[in-house]
file upload-v9.cif (mmCIF, C-alpha atoms and all ligand atoms)
data_protein
loop_
_atom_site.label_atom_id
_atom_site.label_comp_id
_atom_site.auth_asym_id
_atom_site.auth_seq_id
_atom_site.Cartn_x
_atom_site.Cartn_y
_atom_site.Cartn_z
CA MET A 1 -123.54 66.98 16.97
CA LEU A 2 -119.95 66.99 15.74
CA ALA A 3 -118.01 65.67 18.73
CA GLN A 4 -114.51 65.53 17.19
CA ALA A 5 -113.36 63.53 20.21
CA SER A 6 -110.71 61.44 18.54
CA PRO A 7 -108.20 64.12 17.36
CA TRP A 8 -108.40 65.83 20.75
CA HIS A 9 -107.97 62.51 22.53
CA THR A 10 -104.82 61.80 20.47
CA HIS A 11 -103.61 65.33 21.22
CA ALA A 12 -104.03 64.73 24.98
CA LEU A 13 -102.49 61.26 24.72
CA GLN A 14 -99.32 62.54 23.06
CA ARG A 15 -99.04 65.41 25.55
CA THR A 16 -99.19 62.97 28.46
CA ALA A 17 -96.92 60.38 26.80
CA ALA A 18 -93.91 61.56 28.80
CA GLY A 19 -95.62 60.49 32.02
CA LEU A 20 -98.19 61.73 34.51
CA ALA A 21 -98.52 65.48 34.88
CA GLU A 22 -96.80 67.04 37.90
CA PRO A 23 -98.25 69.63 40.27
CA LEU A 24 -97.48 73.02 38.71
CA ALA A 25 -97.09 76.56 40.02
CA VAL A 26 -100.01 78.79 39.03
CA THR A 27 -99.32 81.21 36.19
CA ALA A 28 -99.15 84.95 36.89
CA ARG A 29 -101.48 85.89 34.01
CA LEU A 30 -104.44 84.62 32.06
CA GLU A 31 -103.14 84.16 28.51
CA TRP A 32 -105.58 84.70 25.62
CA THR A 33 -103.07 84.43 22.75
CA THR A 34 -100.24 82.21 21.51
CA ARG A 35 -97.63 84.68 22.88
CA PRO A 36 -97.38 84.81 26.68
CA GLY A 37 -97.67 88.34 28.06
CA GLN A 38 -99.56 89.69 25.05
CA GLY A 39 -102.92 91.42 25.25
CA PRO A 40 -105.34 91.79 28.17
CA GLY A 41 -105.55 89.48 31.16
CA ALA A 42 -108.41 88.34 33.39
CA GLU A 43 -109.85 91.86 33.80
CA ILE A 44 -111.85 91.61 30.58
CA LEU A 45 -114.07 89.02 32.28
CA ASP A 46 -114.82 91.32 35.22
CA PRO A 47 -112.68 93.96 37.01
CA ASP A 48 -113.27 92.18 40.35
CA LEU A 49 -113.44 88.40 40.04
CA ARG A 50 -113.41 87.59 43.77
CA GLY A 51 -116.17 85.09 44.57
CA LYS A 52 -117.46 85.14 40.97
CA ARG A 53 -118.58 81.86 39.33
CA LEU A 54 -116.72 81.24 36.07
CA LEU A 55 -116.92 78.50 33.45
CA GLU A 56 -114.13 77.61 31.00
CA ILE A 57 -115.18 75.47 28.02
CA GLY A 58 -112.29 73.48 26.54
CA CYS A 59 -109.95 74.04 29.52
CA GLY A 60 -107.24 71.55 28.45
CA PRO A 61 -104.59 71.26 31.19
CA GLY A 62 -106.27 73.99 33.25
CA HIS A 63 -103.60 76.71 33.44
CA ASN A 64 -106.01 79.62 32.98
CA ALA A 65 -108.66 78.16 35.29
CA ALA A 66 -106.01 77.71 38.00
CA HIS A 67 -104.90 81.32 37.57
CA LEU A 68 -108.47 82.61 37.98
CA ALA A 69 -109.19 80.45 41.04
CA THR A 70 -105.92 81.20 42.84
CA ARG A 71 -104.78 84.66 41.80
CA GLN A 72 -108.22 86.21 41.26
CA GLY A 73 -110.26 84.38 43.93
CA ALA A 74 -112.96 83.19 41.52
CA HIS A 75 -114.87 79.89 41.70
CA VAL A 76 -113.96 78.17 38.45
CA THR A 77 -115.29 75.13 36.64
CA GLY A 78 -113.24 73.88 33.68
CA VAL A 79 -114.89 71.51 31.22
CA ASP A 80 -113.00 69.50 28.62
CA LEU A 81 -114.18 66.93 26.11
CA VAL A 82 -111.26 64.61 26.82
CA GLY A 83 -111.04 62.77 30.14
CA LEU A 84 -107.27 62.56 29.84
CA GLN A 85 -107.01 66.37 29.75
CA VAL A 86 -109.16 66.58 32.87
CA ARG A 87 -106.90 64.05 34.58
CA ARG A 88 -103.89 66.14 33.53
CA ALA A 89 -105.53 69.34 34.87
CA ARG A 90 -106.31 67.62 38.18
CA CYS A 91 -102.70 66.39 38.50
CA HIS A 92 -101.42 69.94 37.85
CA TYR A 93 -103.93 71.85 39.97
CA GLY A 94 -106.30 69.44 41.77
CA ARG A 95 -104.86 70.53 45.15
CA LEU A 96 -106.23 74.08 44.75
CA ASN A 97 -109.46 75.43 46.24
CA ASN A 98 -112.41 76.79 44.26
CA LEU A 99 -111.44 74.82 41.17
CA THR A 100 -113.37 71.92 39.60
CA PHE A 101 -112.54 70.04 36.41
CA VAL A 102 -115.26 68.11 34.58
CA ALA A 103 -114.99 65.79 31.56
CA GLY A 104 -117.66 66.29 28.91
CA HIS A 105 -118.83 68.04 25.78
CA ALA A 106 -119.28 71.78 26.41
CA LEU A 107 -122.73 71.80 24.84
CA ARG A 108 -123.96 68.86 26.88
CA TYR A 109 -122.56 70.40 30.07
CA LEU A 110 -124.26 73.75 29.42
CA ARG A 111 -127.58 72.19 28.51
CA ALA A 112 -127.59 70.07 31.68
CA SER A 113 -126.53 72.90 34.01
CA GLU A 114 -128.98 75.20 35.80
CA GLU A 115 -126.14 77.46 37.00
CA GLN A 116 -126.01 81.14 36.05
CA PHE A 117 -122.32 81.96 35.62
CA ASP A 118 -120.76 85.41 36.11
CA ALA A 119 -118.54 84.84 33.07
CA ILE A 120 -117.94 82.09 30.53
CA TYR A 121 -114.72 81.93 28.53
CA SER A 122 -112.77 79.81 26.06
CA VAL A 123 -109.09 80.07 25.07
CA PHE A 124 -108.73 78.23 21.74
CA GLY A 125 -111.26 75.89 23.37
CA ALA A 126 -114.84 74.85 22.55
CA VAL A 127 -115.92 78.14 20.92
CA GLY A 128 -115.12 77.66 17.23
CA LEU A 129 -115.08 73.86 17.61
CA VAL A 130 -118.84 73.43 18.19
CA ALA A 131 -121.56 74.76 15.86
CA PRO A 132 -122.10 78.38 17.03
CA GLU A 133 -125.85 78.25 16.39
CA LEU A 134 -126.02 75.54 19.09
CA LEU A 135 -123.26 76.64 21.45
CA LEU A 136 -123.92 80.40 21.72
CA PRO A 137 -127.59 80.09 22.81
CA ALA A 138 -126.53 77.46 25.40
CA ILE A 139 -123.86 79.87 26.70
CA ALA A 140 -126.36 82.75 26.84
CA ARG A 141 -128.80 80.58 28.80
CA ASN A 142 -126.14 79.92 31.47
CA LEU A 143 -124.82 83.49 31.70
CA ALA A 144 -126.38 86.00 34.11
CA PRO A 145 -127.75 89.17 32.41
CA GLY A 146 -125.04 91.79 31.76
CA ARG A 147 -122.23 89.23 32.23
CA VAL A 148 -119.36 88.51 29.83
CA LEU A 149 -118.53 85.79 27.33
CA ALA A 150 -114.92 86.10 26.10
CA PHE A 151 -113.15 83.75 23.73
CA SER A 152 -109.99 83.59 21.68
CA VAL A 153 -109.87 81.66 18.41
CA PRO A 154 -107.24 81.19 15.70
CA HIS A 155 -107.58 84.25 13.46
CA PRO A 156 -109.55 83.45 10.27
CA GLN A 157 -106.81 85.12 8.17
CA ARG A 158 -103.83 83.44 9.85
CA GLY A 159 -101.15 82.48 7.36
CA GLY A 160 -103.00 84.34 4.58
CA ARG A 161 -106.17 82.21 4.60
CA VAL A 162 -109.01 83.45 2.46
CA LEU A 163 -112.02 84.55 4.50
CA SER A 164 -115.04 82.31 4.18
CA ASP A 165 -118.34 83.92 3.23
CA ASP A 166 -120.74 81.43 4.77
CA ASP A 167 -121.61 79.88 8.14
CA ARG A 168 -120.13 76.46 7.44
CA PRO A 169 -117.13 75.06 9.30
CA ARG A 170 -113.80 74.76 7.51
CA ARG A 171 -111.20 72.04 7.59
CA ASP A 172 -108.42 72.72 10.08
CA PHE A 173 -105.86 70.56 11.84
CA VAL A 174 -104.77 69.73 15.36
CA SER A 175 -100.97 69.82 15.41
CA LEU A 176 -99.55 67.06 17.53
CA PRO A 177 -96.26 66.96 19.46
CA ASP A 178 -94.94 64.28 17.06
CA ARG A 179 -95.40 66.85 14.21
CA THR A 180 -98.28 65.02 12.56
CA ARG A 181 -101.65 66.75 12.11
CA LEU A 182 -105.20 65.45 12.45
CA PRO A 183 -108.14 67.05 10.62
CA ILE A 184 -110.92 68.79 12.53
CA ALA A 185 -113.81 71.09 11.59
CA ARG A 186 -113.56 74.70 12.81
CA TRP A 187 -116.01 77.59 12.51
CA GLU A 188 -113.73 80.43 11.31
CA PHE A 189 -115.74 83.64 11.33
CA THR A 190 -114.89 87.28 10.77
CA THR A 191 -115.81 89.66 13.61
CA ALA A 192 -118.93 90.75 11.70
CA ARG A 193 -120.12 87.15 11.35
CA TRP A 194 -119.42 86.44 15.05
CA GLU A 195 -121.38 89.59 15.88
CA ARG A 196 -124.42 88.33 13.94
CA HIS A 197 -124.31 84.92 15.62
CA LEU A 198 -123.81 86.46 19.06
CA SER A 199 -126.72 88.83 18.52
CA ARG A 200 -129.07 86.00 17.47
CA ALA A 201 -128.19 84.24 20.75
CA GLY A 202 -128.92 87.32 22.89
CA LEU A 203 -125.31 88.46 23.30
CA ARG A 204 -123.94 91.90 22.33
CA LEU A 205 -120.40 92.15 20.96
CA THR A 206 -118.42 94.69 23.01
CA SER A 207 -114.92 94.29 21.56
CA ALA A 208 -112.84 92.36 19.05
CA GLN A 209 -109.05 92.45 19.13
CA GLU A 210 -106.52 90.96 16.71
CA PHE A 211 -103.08 89.83 17.79
CA HIS A 212 -99.91 89.02 15.87
CA ASP A 213 -97.11 86.64 16.64
CA SER A 214 -93.87 87.65 14.94
CA ARG A 215 -92.86 83.97 14.66
CA MET A 216 -95.88 83.41 12.38
CA GLY A 217 -95.33 86.11 9.71
CA HIS A 218 -97.26 89.33 9.25
CA TRP A 219 -100.79 87.91 9.35
CA PRO A 220 -102.81 88.17 12.58
CA THR A 221 -102.83 84.89 14.53
CA THR A 222 -105.45 85.34 17.25
CA LEU A 223 -108.91 86.92 17.40
CA LEU A 224 -110.20 87.77 20.88
CA ILE A 225 -113.93 88.49 21.13
CA ARG A 226 -115.83 89.84 24.11
CA ALA A 227 -119.61 90.04 24.38
CA ARG A 228 -122.25 90.71 27.05
CA ARG A 229 -125.45 88.87 27.80
CA LEU A 230 -128.37 91.23 27.12
C1 LIG B 301 -106.19 73.84 21.67
S1 LIG B 301 -106.73 73.09 23.17
C2 LIG B 301 -106.80 74.51 24.27
C3 LIG B 301 -106.75 74.12 25.72
C4 LIG B 301 -106.70 75.27 26.73
N1 LIG B 301 -107.81 76.17 26.63
C5 LIG B 301 -105.39 76.02 26.60
O1 LIG B 301 -105.41 77.20 26.20
O2 LIG B 301 -104.34 75.43 26.93
C6 LIG B 301 -108.45 72.77 22.83
C7 LIG B 301 -109.14 72.00 23.95
O3 LIG B 301 -110.56 72.00 23.69
C8 LIG B 301 -111.08 70.73 24.02
N2 LIG B 301 -112.36 70.57 23.30
C9 LIG B 301 -112.55 70.37 21.97
N3 LIG B 301 -113.85 70.28 21.68
C10 LIG B 301 -114.52 70.42 22.87
C11 LIG B 301 -115.89 70.39 23.24
N4 LIG B 301 -116.84 70.18 22.33
N5 LIG B 301 -116.22 70.54 24.54
C12 LIG B 301 -115.25 70.73 25.49
N6 LIG B 301 -113.93 70.76 25.19
C13 LIG B 301 -113.57 70.61 23.91
C14 LIG B 301 -109.98 69.77 23.60
O4 LIG B 301 -110.06 68.50 24.21
C15 LIG B 301 -108.72 70.54 24.00
O5 LIG B 301 -108.30 70.22 25.32
#

call {"tool": "encode", "arguments": {"input": "upload-v9.cif", "output": "structure tokens", "more": "lines below"}}
Ligand SMILES: C[S@@+](CC[C@H](N)C(=O)[O-])C[C@H]1O[C@@H](n2cnc3c(N)ncnc32)[C@H](O)[C@@H]1O
result
Amino acid sequence: MLAQASPWHTHALQRTAAGLAEPLAVTARLEWTTRPGQGPGAEILDPDLRGKRLLEIGCGPGHNAAHLATRQGAHVTGVDLVGLQVRRARCHYGRLNNLTFVAGHALRYLRASEEQFDAIYSVFGAVGLVAPELLLPAIARNLAPGRVLAFSVPHPQRGGRVLSDDDRPRRDFVSLPDRTRLPIARWEFTTARWERHLSRAGLRLTSAQEFHDSRMGHWPTTLLIRARRL
């Protein structure tokens, strides 16, 4: 299993270097892309999230999980590989109800859990950072039939990248606040390739949306995929 803990630990360490995280106000929207206000919000997970059990894999500082627990009335668990991120999320939002943050690898968490979630989601989180042939079946196993998996990933053609024509991960980088970059492996699939992997895991692709960010040139920057458990 490719854990990639160290670049993400350094990422969290630099983000917390300025001091302990403060309690934060909950955001008004769930953000799927790099540009706040762009694209759909929480409704793509379920039109009525009240009382629904949700899992975020790769929750980072927990902004989206806090939105779903507070503004949408869902019961949310956020999992992140890095304990420091979980500590940061708890400092920001630990006072809120219906919100739990757990440190651990998404795959290990899913495999150990017997819970059937009403939706599972990832915003530039674990989906794309863990081998899809392992992660997608584990997600499907923990998703109730008919329920949604939604995830946003960096678009495979961002910045003019050439599309890969195999299932192997590519070299990417975590950009750090001090402007250095650390290498990571990322599975960068086209929609058609995601669809094949989803289907093998028992999930049916229901939509794929591309988003642009004018600050990043004319190439699409974000791919947002939605699928349903069969
Ligand atoms: C780019 S950040 C995104 C954080 C958050 N979703 C957001 O939008 O602010 C990626 C996060 O995924 C976490 N991560 C990476 N690999 C993971 C894994 N295998 N399991 C759980 N979390 C993981 C990292 O620690 C990091 O916090």

call {"tool": "closest_residue", "arguments": {"input": "upload-v9.cif", "among": "A:Ile225, A:Ala17, A:Ala66, A:Val102", "to": "Arg29 in chain A", "atoms": "all atoms listed in the file"}}
result
A:Ala66

call {"tool": "residues_near_ligand", "arguments": {"input": "upload-v9.cif", "ligand": "ligand LIG 301 (chain B)", "cutoff": "8 Å", "atoms": "all atoms listed in the file", "output": "PDB file with C-alpha atoms, in the coordinates of the input"}}
result
ATOM      1  CA  LEU A   2    -119.950  66.990  15.740  1.00  0.00           C
ATOM      2  CA  ALA A   3    -118.010  65.670  18.730  1.00  0.00           C
ATOM      3  CA  GLN A   4    -114.510  65.530  17.190  1.00  0.00           C
ATOM      4  CA  ALA A   5    -113.360  63.530  20.210  1.00  0.00           C
ATOM      5  CA  TRP A   8    -108.400  65.830  20.750  1.00  0.00           C
ATOM      6  CA  HIS A   9    -107.970  62.510  22.530  1.00  0.00           C
ATOM      7  CA  HIS A  11    -103.610  65.330  21.220  1.00  0.00           C
ATOM      8  CA  ALA A  12    -104.030  64.730  24.980  1.00  0.00           C
ATOM      9  CA  GLU A  31    -103.140  84.160  28.510  1.00  0.00           C
ATOM     10  CA  TRP A  32    -105.580  84.700  25.620  1.00  0.00           C
ATOM     11  CA  GLU A  56    -114.130  77.610  31.000  1.00  0.00           C
ATOM     12  CA  ILE A  57    -115.180  75.470  28.020  1.00  0.00           C
ATOM     13  CA  GLY A  58    -112.290  73.480  26.540  1.00  0.00           C
ATOM     14  CA  CYS A  59    -109.950  74.040  29.520  1.00  0.00           C
ATOM     15  CA  GLY A  60    -107.240  71.550  28.450  1.00  0.00           C
ATOM     16  CA  PRO A  61    -104.590  71.260  31.190  1.00  0.00           C
ATOM     17  CA  GLY A  62    -106.270  73.990  33.250  1.00  0.00           C
ATOM     18  CA  HIS A  63    -103.600  76.710  33.440  1.00  0.00           C
ATOM     19  CA  ASN A  64    -106.010  79.620  32.980  1.00  0.00           C
ATOM     20  CA  VAL A  79    -114.890  71.510  31.220  1.00  0.00           C
ATOM     21  CA  ASP A  80    -113.000  69.500  28.620  1.00  0.00           C
ATOM     22  CA  LEU A  81    -114.180  66.930  26.110  1.00  0.00           C
ATOM     23  CA  VAL A  82    -111.260  64.610  26.820  1.00  0.00           C
ATOM     24  CA  GLN A  85    -107.010  66.370  29.750  1.00  0.00           C
ATOM     25  CA  ALA A 103    -114.990  65.790  31.560  1.00  0.00           C
ATOM     26  CA  GLY A 104    -117.660  66.290  28.910  1.00  0.00           C
ATOM     27  CA  HIS A 105    -118.830  68.040  25.780  1.00  0.00           C
ATOM     28  CA  ALA A 106    -119.280  71.780  26.410  1.00  0.00           C
ATOM     29  CA  LEU A 107    -122.730  71.800  24.840  1.00  0.00           C
ATOM     30  CA  SER A 122    -112.770  79.810  26.060  1.00  0.00           C
ATOM     31  CA  VAL A 123    -109.090  80.070  25.070  1.00  0.00           C
ATOM     32  CA  PHE A 124    -108.730  78.230  21.740  1.00  0.00           C
ATOM     33  CA  GLY A 125    -111.260  75.890  23.370  1.00  0.00           C
ATOM     34  CA  ALA A 126    -114.840  74.850  22.550  1.00  0.00           C
ATOM     35  CA  LEU A 129    -115.080  73.860  17.610  1.00  0.00           C
ATOM     36  CA  VAL A 130    -118.840  73.430  18.190  1.00  0.00           C
ATOM     37  CA  VAL A 174    -104.770  69.730  15.360  1.00  0.00           C
TER      38      VAL A 174
END

call {"tool": "closest_residue", "arguments": {"input": "upload-v9.cif", "among": "A:Ala227, A:Thr222, A:Gly39, A:Asn98", "to": "Tyr121 in chain A", "atoms": "only C-alpha atoms"}}
result
A:Ala227

call {"tool": "atom_distance", "arguments": {"input": "upload-v9.cif", "atom1": "CA of Arg95 in chain A", "atom2": "CA of Ala74 in chain A"}}
result
15.5 Å

call {"tool": "closest_atom_pairs", "arguments": {"input": "upload-v9.cif", "of": "range 133-154 of chain A", "to": "range 183-201 of chain A", "cutoff": "8 Å", "atoms": "only C-alpha atoms", "output": "JSON lines"}}
result
{"residue": "A:Glu133", "atom": "CA", "partner": "A:His197", "partner_atom": "CA", "distance": 6.9}
{"residue": "A:Leu136", "atom": "CA", "partner": "A:Ala201", "partner_atom": "CA", "distance": 5.8}
{"residue": "A:Pro137", "atom": "CA", "partner": "A:Ala201", "partner_atom": "CA", "distance": 4.7}
{"residue": "A:Ala140", "atom": "CA", "partner": "A:Ala201", "partner_atom": "CA", "distance": 6.5}
{"residue": "A:Pro154", "atom": "CA", "partner": "A:Glu188", "partner_atom": "CA", "distance": 7.9}
